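**Q** This one is start.cif, mmCIF, C-alpha atoms.
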data_model
loop_
_atom_site.label_atom_id
_atom_site.label_comp_id
_atom_site.auth_asym_id
_atom_site.auth_seq_id
_atom_site.Cartn_x
_atom_site.Cartn_y
_atom_site.Cartn_z
CA MET V 8 -6.51 -13.57 -14.73
CA ALA V 9 -7.20 -10.52 -12.59
CA ALA V 10 -9.69 -7.91 -13.76
CA GLU V 11 -8.34 -5.22 -16.05
CA SER V 12 -6.28 -2.73 -14.07
CA LYS V 13 -7.86 0.71 -13.80
CA ILE V 14 -4.52 2.48 -13.68
CA ILE V 15 -3.08 1.16 -16.93
CA THR V 16 -3.58 3.95 -19.45
CA GLN V 17 -6.29 3.17 -22.00
CA ALA V 18 -6.16 6.43 -24.02
CA PRO V 19 -5.79 5.38 -27.71
CA GLU V 20 -3.61 8.39 -28.51
CA LEU V 21 -1.08 7.23 -25.89
CA MET V 22 -1.04 3.49 -26.43
CA ASN V 23 1.41 3.60 -29.35
CA TYR V 24 3.93 5.14 -26.98
CA ALA V 25 3.26 2.65 -24.19
CA MET V 26 4.02 -0.47 -26.17
CA PHE V 27 6.99 -2.72 -25.53
CA CYS V 28 8.58 -5.07 -28.05
CA GLY V 29 6.91 -8.44 -28.57
CA GLY V 30 8.14 -11.00 -26.05
CA CYS V 31 9.47 -8.38 -23.62
CA GLY V 32 8.70 -8.83 -19.92
CA HIS V 33 8.17 -5.15 -19.10
CA GLY V 34 4.44 -5.35 -19.76
CA VAL V 35 4.00 -8.29 -17.39
CA LEU V 36 5.88 -6.56 -14.58
CA LEU V 37 3.94 -3.34 -15.18
CA ARG V 38 0.66 -5.26 -14.94
CA LEU V 39 1.71 -6.94 -11.68
CA ILE V 40 2.75 -3.64 -10.10
CA CYS V 41 -0.57 -2.06 -11.12
CA GLU V 42 -2.52 -4.96 -9.63
CA CYS V 43 -0.61 -4.66 -6.35
CA LEU V 44 -1.07 -0.90 -6.19
CA GLU V 45 -4.82 -1.34 -6.53
CA GLU V 46 -5.01 -4.28 -4.12
CA TYR V 47 -3.21 -2.28 -1.43
CA GLY V 48 -5.18 0.89 -2.18
CA LEU V 49 -2.04 2.80 -3.17
CA ASP V 50 -2.92 3.90 -6.69
CA LYS V 51 -3.81 7.44 -5.51
CA LYS V 52 -0.86 7.90 -3.13
CA VAL V 53 2.08 6.56 -5.12
CA ILE V 54 4.97 8.35 -6.81
CA ALA V 55 7.38 6.41 -9.01
CA ALA V 56 10.87 7.42 -10.11
CA ILE V 57 11.59 5.91 -13.50
CA GLY V 58 14.93 5.36 -15.17
CA VAL V 59 16.16 6.10 -18.68
CA GLY V 60 15.60 3.32 -21.19
CA CYS V 61 12.59 1.12 -21.90
CA SER V 62 11.19 2.14 -18.51
CA CYS V 63 10.49 5.56 -20.06
CA HIS V 64 7.41 3.98 -21.65
CA LEU V 65 5.73 4.03 -18.25
CA LYS V 66 5.10 7.74 -18.73
CA SER V 67 2.29 6.87 -21.15
CA GLY V 68 1.46 3.38 -19.88
CA ILE V 69 0.45 3.88 -16.25
CA ASN V 70 -1.85 6.49 -14.73
CA ILE V 71 0.10 7.43 -11.59
CA ASP V 72 2.44 10.26 -10.61
CA LEU V 73 5.89 9.72 -12.14
CA VAL V 74 9.20 11.54 -11.99
CA GLN V 75 11.58 11.07 -14.91
CA SER V 76 15.02 10.66 -13.34
CA PRO V 77 18.36 11.45 -14.95
CA HIS V 78 20.08 8.33 -16.27
CA GLY V 79 20.83 5.97 -13.37
CA ARG V 80 19.63 8.32 -10.63
CA ALA V 81 16.17 6.88 -9.90
CA ALA V 82 17.12 5.57 -6.43
CA ALA V 83 18.44 8.99 -5.43
CA VAL V 84 15.32 10.69 -6.82
CA ALA V 85 13.11 8.19 -4.98
CA THR V 86 15.01 8.90 -1.77
CA GLY V 87 14.29 12.60 -2.14
CA ILE V 88 10.62 11.96 -2.86
CA ARG V 89 10.23 9.63 0.12
CA ARG V 90 11.84 12.12 2.51
CA ALA V 91 9.89 15.09 1.17
CA GLU V 92 6.58 13.18 0.98
CA PRO V 93 6.73 10.58 3.80
CA ASP V 94 3.05 9.72 3.41
CA LYS V 95 3.55 8.60 -0.21
CA PHE V 96 4.35 5.12 -1.46
CA VAL V 97 7.52 5.33 -3.55
CA PHE V 98 9.14 2.92 -5.98
CA THR V 99 11.69 2.98 -8.79
CA TYR V 100 11.38 1.21 -12.13
CA GLN V 101 14.65 0.71 -14.02
CA GLY V 102 16.56 -1.54 -16.37
CA ASP V 103 19.84 -3.23 -15.51
CA GLY V 104 21.86 -0.78 -17.62
CA ASP V 105 20.27 2.16 -15.85
CA ALA V 106 20.31 0.81 -12.28
CA TYR V 107 23.56 -1.17 -12.34
CA ASN V 108 25.87 0.43 -14.90
CA ILE V 109 25.04 4.11 -15.03
CA GLY V 110 23.48 4.30 -11.57
CA ILE V 111 25.41 1.77 -9.48
CA ALA V 112 26.43 4.43 -6.93
CA GLU V 113 22.85 5.63 -6.43
CA THR V 114 21.48 2.09 -6.31
CA LEU V 115 24.01 0.90 -3.73
CA ASN V 116 23.85 4.02 -1.58
CA ALA V 117 20.07 3.82 -1.25
CA ALA V 118 20.44 0.19 -0.18
CA TYR V 119 23.31 1.02 2.16
CA ARG V 120 21.18 3.65 3.91
CA ASN V 121 18.21 1.23 3.95
CA GLU V 122 15.94 3.85 2.42
CA ASN V 123 12.26 2.93 2.79
CA ILE V 124 11.62 2.51 -0.95
CA CYS V 125 10.98 -0.34 -3.41
CA VAL V 126 13.38 -0.81 -6.32
CA PHE V 127 12.19 -2.85 -9.32
CA THR V 128 14.86 -3.69 -11.89
CA ILE V 129 14.36 -5.47 -15.21
CA ASN V 130 17.44 -7.54 -16.05
CA ASN V 131 17.52 -8.40 -19.76
CA SER V 132 21.34 -8.49 -19.95
CA ASN V 133 21.81 -5.46 -22.18
CA PHE V 134 21.04 -1.77 -22.66
CA GLY V 135 17.64 -2.37 -24.24
CA MET V 136 16.47 0.98 -25.58
CA THR V 137 19.79 2.46 -26.70
CA GLY V 138 20.70 -0.30 -29.14
CA GLY V 139 21.58 -3.44 -27.21
CA GLN V 140 25.01 -2.54 -25.86
CA MET V 141 26.77 -4.80 -23.36
CA SER V 142 25.90 -4.20 -19.71
CA TRP V 143 27.34 -5.56 -16.48
CA THR V 144 24.71 -8.32 -16.59
CA THR V 145 25.54 -9.51 -20.13
CA MET V 146 26.26 -13.24 -20.16
CA PRO V 147 29.69 -14.71 -21.10
CA ASN V 148 30.14 -14.93 -24.87
CA GLN V 149 26.88 -13.04 -25.48
CA LYS V 150 27.00 -10.92 -28.61
CA THR V 151 25.84 -7.34 -28.22
CA ALA V 152 26.26 -4.07 -30.12
CA THR V 153 29.50 -3.42 -28.21
CA SER V 154 30.66 -7.05 -27.96
CA PRO V 155 30.07 -8.30 -31.52
CA ASN V 156 32.36 -11.28 -30.97
CA GLY V 157 30.79 -12.18 -27.64
CA ARG V 158 31.53 -10.94 -24.15
CA ASP V 159 35.07 -11.82 -23.04
CA CYS V 160 34.88 -12.02 -19.24
CA ALA V 161 38.69 -12.14 -19.02
CA LEU V 162 38.61 -8.53 -20.21
CA THR V 163 35.30 -7.27 -18.82
CA GLY V 164 34.74 -9.26 -15.63
CA ALA V 165 31.89 -11.67 -14.93
CA PRO V 166 28.19 -10.75 -15.06
CA ILE V 167 27.29 -8.86 -11.88
CA LYS V 168 24.68 -9.96 -9.35
CA VAL V 169 23.57 -6.74 -7.69
CA PRO V 170 20.74 -8.24 -5.59
CA GLU V 171 23.20 -10.65 -3.94
CA MET V 172 25.65 -7.80 -3.41
CA ILE V 173 22.98 -5.76 -1.64
CA ALA V 174 21.58 -8.66 0.39
CA HIS V 175 24.97 -9.83 1.64
CA SER V 176 26.73 -6.48 2.10
CA PHE V 177 24.04 -4.29 3.66
CA HIS V 178 20.93 -4.70 5.81
CA PRO V 179 17.97 -4.26 3.42
CA ALA V 180 14.44 -5.26 4.34
CA TYR V 181 13.86 -7.58 1.39
CA VAL V 182 15.63 -8.76 -1.78
CA ALA V 183 14.29 -11.21 -4.37
CA ARG V 184 14.69 -12.22 -7.99
CA GLY V 185 11.78 -13.38 -10.12
CA ALA V 186 11.03 -14.06 -13.76
CA VAL V 187 8.22 -13.70 -16.29
CA THR V 188 8.86 -17.01 -18.04
CA THR V 189 5.85 -19.09 -16.96
CA PRO V 190 2.53 -18.58 -15.16
CA ALA V 191 4.03 -20.26 -12.07
CA GLU V 192 7.01 -17.91 -12.01
CA ILE V 193 4.77 -14.90 -12.64
CA ASN V 194 2.66 -15.87 -9.62
CA LYS V 195 5.82 -16.14 -7.51
CA LEU V 196 6.96 -12.76 -8.79
CA LYS V 197 3.70 -11.16 -7.66
CA LYS V 198 4.33 -12.53 -4.16
CA TYR V 199 7.82 -10.97 -4.21
CA ILE V 200 6.32 -7.63 -5.26
CA LYS V 201 3.79 -7.84 -2.44
CA ASN V 202 6.57 -8.52 0.06
CA ALA V 203 8.42 -5.46 -1.20
CA PHE V 204 5.26 -3.38 -0.87
CA GLU V 205 4.60 -4.61 2.66
CA ALA V 206 8.17 -3.94 3.73
CA GLN V 207 7.76 -0.29 2.79
CA LEU V 208 4.29 -0.01 4.27
CA ASN V 209 5.60 -1.44 7.56
CA HIS V 210 8.61 0.92 7.50
CA GLU V 211 11.08 -1.97 7.35
CA GLY V 212 13.36 -0.27 4.83
CA TYR V 213 14.79 -0.90 1.38
CA SER V 214 13.50 -3.62 -0.94
CA MET V 215 14.79 -4.74 -4.34
CA VAL V 216 13.04 -7.10 -6.73
CA GLU V 217 15.02 -7.98 -9.85
CA VAL V 218 13.00 -9.38 -12.74
CA MET V 219 14.61 -11.60 -15.35
CA CYS V 220 13.22 -11.19 -18.83
CA SER V 221 14.26 -11.62 -22.43
CA CYS V 222 14.99 -8.93 -25.01
CA PRO V 223 14.11 -10.56 -28.34
CA THR V 224 14.82 -7.41 -30.38
CA ASN V 225 18.40 -6.95 -29.23
CA TRP V 226 19.10 -10.64 -28.79
CA GLY V 227 18.17 -11.11 -32.46
CA MET V 228 15.69 -13.89 -31.67
CA ASP V 229 11.98 -14.51 -31.92
CA ALA V 230 10.00 -14.27 -28.69
CA VAL V 231 9.73 -18.02 -28.09
CA SER V 232 13.42 -18.68 -28.69
CA ALA V 233 14.40 -15.73 -26.52
CA LYS V 234 12.29 -17.02 -23.63
CA GLN V 235 13.87 -20.44 -23.97
CA ARG V 236 17.35 -18.92 -23.91
CA LEU V 237 16.39 -17.06 -20.76
CA ILE V 238 15.29 -20.33 -19.12
CA ASP V 239 18.18 -22.49 -20.35
CA GLU V 240 21.15 -20.13 -20.18
CA VAL V 241 20.49 -16.98 -18.20
CA ILE V 242 18.38 -18.01 -15.21
CA PRO V 243 20.75 -20.83 -14.14
CA TYR V 244 23.32 -18.08 -13.52
CA TYR V 245 20.87 -15.60 -12.00
CA GLN V 246 19.04 -18.01 -9.72
CA LEU V 247 15.47 -17.15 -8.80
CA GLY V 248 13.97 -16.82 -5.35
CA GLU V 249 14.08 -14.77 -2.16
CA ILE V 250 17.67 -13.73 -1.49
CA LYS V 251 16.96 -11.81 1.72
CA LYS V 252 13.64 -12.56 3.42
CA ARG V 253 11.88 -10.03 5.57
CA GLY V 254 12.81 -10.25 9.22
CA GLU V 255 16.07 -12.11 8.63
#
Please go through the file and, once you have read it, give me the structure as structure tokens.
**A**
Amino acid sequence: MAAESKIITQAPELMNYAMFCGGCGHGVLLRLICECLEEYGLDKKVIAAIGVGCSCHLKSGINIDLVQSPHGRAAAVATGIRRAEPDKFVFTYQGDGDAYNIGIAETLNAAYRNENICVFTINNSNFGMTGGQMSWTTMPNQKTATSPNGRDCALTGAPIKVPEMIAHSFHPAYVARGAVTTPAEINKLKKYIKNAFEAQLNHEGYSMVEVMCSCPTNWGMDAVSAKQRLIDEVIPYYQLGEIKKRGE
């Protein structure tokens, strides 16, 4: 395991506000991003635009400059930051409800313009912080706060795959999907994050890394069962790997 990150907030008075639910993948992704920021020497020249939802916890969990974006607008805010501060490293951190439902226009337009930013999206197939409502990524027949009988795709449409949409419709620098299910997948995810970082540093354009994780609280499962559901049911639909490699 890498040495303890220096940019993860250690202040005791803040830690209660920086905690995620047990079994959630946000903490793993946050740790990987912090490691990469330090390894690339970016921890003092980074600005992140965070979404509304569980990503709000970053305000007390990571010691970097952050901008709290209106719901769904993180990609637009990041675009403004990058253009106003071209010497800064800029990324967004959002959930699927924020980036895909509320902010689909901002997410797609930033990709369409090939803005030189990194977009990190946690996909846990629901609106995590606001009570577990159905999102565009909710699986067929999945029960949520707004689909208590299970998602009926005949009425709502099928779960959306935004990374594939971006990779196949536009000309982004890099698109990948990883997971926090096993040490092997976490190591792969760190490589995807590094590729996204390098794409921005080399002025190649827009990068998106989607991260599949469970939401035990809103799924109504213990952490182990939720992870197994993610592996058995969710990831076969949202296949992992590099969707658009750099230079392709």
**Q** List as a ChimeraX atom specification the protein and nucleic acid residues near V:Arg158, meaning an atom at most 6 Å away when only C-alpha atoms are counted, but skip any in the same chain fewer than 4 places from it.
**A** /V:147-149,154
**Q** On this structure, which residues satisfy the PyMOL selection byres ((chain V and resi 117) around 12), written as JSON, numbers by chain?
**A** {"V": [80, 81, 82, 83, 84, 85, 86, 87, 89, 98, 99, 106, 110, 111, 112, 113, 114, 115, 116, 118, 119, 120, 121, 122, 123, 124, 125, 126, 173, 177, 178, 179, 212, 213, 214, 215]}
**Q** Just to confirm, what's the straight-line distance from atom CA of V:Asn133 to atom CA of V:Asn225 in Å (one decimal)?
**A** 8.0 Å
**Q** Find the residue from V:Glu171, V:Glu211, V:Glu205, V:Asp229 that sits nearest to V:Glu255; use all atoms listed in the file when measuring.
**A**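 The closest residue to V:Glu255 is V:Glu211.
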**Q** Quick check on the file I pasted: which residues fall under the PyMOL selection byres ((chain V and resi 29) around 8)? Write them as a PyMOL selection string.
**A** chain V and resi 27-28+30-31+223+230
**Q** Give me the result of the PyMOL selection byres ((chain V and resi 226) around 12) on this file, residue by residue, as a PyMOL selection string.
**A** chain V and resi 28+30-31+131-135+138-141+145-146+149-152+155+157+220-225+227-234+236-237
**Q** Next, dump the selected residues to file, keeping only C-alpha atoms, as an mmCIF file, keeping the file's coordinate frame.
**A**
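Writing done, so here's part.cif:
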data_model
loop_
_atom_site.group_PDB
_atom_site.id
_atom_site.type_symbol
_atom_site.label_atom_id
_atom_site.label_comp_id
_atom_site.auth_asym_id
_atom_site.auth_seq_id
_atom_site.Cartn_x
_atom_site.Cartn_y
_atom_site.Cartn_z
ATOM 1 C CA CYS V 28 8.580 -5.070 -28.050
ATOM 2 C CA GLY V 30 8.140 -11.000 -26.050
ATOM 3 C CA CYS V 31 9.470 -8.380 -23.620
ATOM 4 C CA ASN V 131 17.520 -8.400 -19.760
ATOM 5 C CA SER V 132 21.340 -8.490 -19.950
ATOM 6 C CA ASN V 133 21.810 -5.460 -22.180
ATOM 7 C CA PHE V 134 21.040 -1.770 -22.660
ATOM 8 C CA GLY V 135 17.640 -2.370 -24.240
ATOM 9 C CA GLY V 138 20.700 -0.300 -29.140
ATOM 10 C CA GLY V 139 21.580 -3.440 -27.210
ATOM 11 C CA GLN V 140 25.010 -2.540 -25.860
ATOM 12 C CA MET V 141 26.770 -4.800 -23.360
ATOM 13 C CA THR V 145 25.540 -9.510 -20.130
ATOM 14 C CA MET V 146 26.260 -13.240 -20.160
ATOM 15 C CA GLN V 149 26.880 -13.040 -25.480
ATOM 16 C CA LYS V 150 27.000 -10.920 -28.610
ATOM 17 C CA THR V 151 25.840 -7.340 -28.220
ATOM 18 C CA ALA V 152 26.260 -4.070 -30.120
ATOM 19 C CA PRO V 155 30.070 -8.300 -31.520
ATOM 20 C CA GLY V 157 30.790 -12.180 -27.640
ATOM 21 C CA CYS V 220 13.220 -11.190 -18.830
ATOM 22 C CA SER V 221 14.260 -11.620 -22.430
ATOM 23 C CA CYS V 222 14.990 -8.930 -25.010
ATOM 24 C CA PRO V 223 14.110 -10.560 -28.340
ATOM 25 C CA THR V 224 14.820 -7.410 -30.380
ATOM 26 C CA ASN V 225 18.400 -6.950 -29.230
ATOM 27 C CA GLY V 227 18.170 -11.110 -32.460
ATOM 28 C CA MET V 228 15.690 -13.890 -31.670
ATOM 29 C CA ASP V 229 11.980 -14.510 -31.920
ATOM 30 C CA ALA V 230 10.000 -14.270 -28.690
ATOM 31 C CA VAL V 231 9.730 -18.020 -28.090
ATOM 32 C CA SER V 232 13.420 -18.680 -28.690
ATOM 33 C CA ALA V 233 14.400 -15.730 -26.520
ATOM 34 C CA LYS V 234 12.290 -17.020 -23.630
ATOM 35 C CA ARG V 236 17.350 -18.920 -23.910
ATOM 36 C CA LEU V 237 16.390 -17.060 -20.760
#
**Q** Nearest residue to V:Pro93 out of V:Glu45, V:His64, V:Ala183, V:Val53, using only C-alpha atoms?
**A**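 Going through V:Glu45, V:His64, V:Ala183, V:Val53 one by one, the smallest distance to V:Pro93 is for V:Val53.
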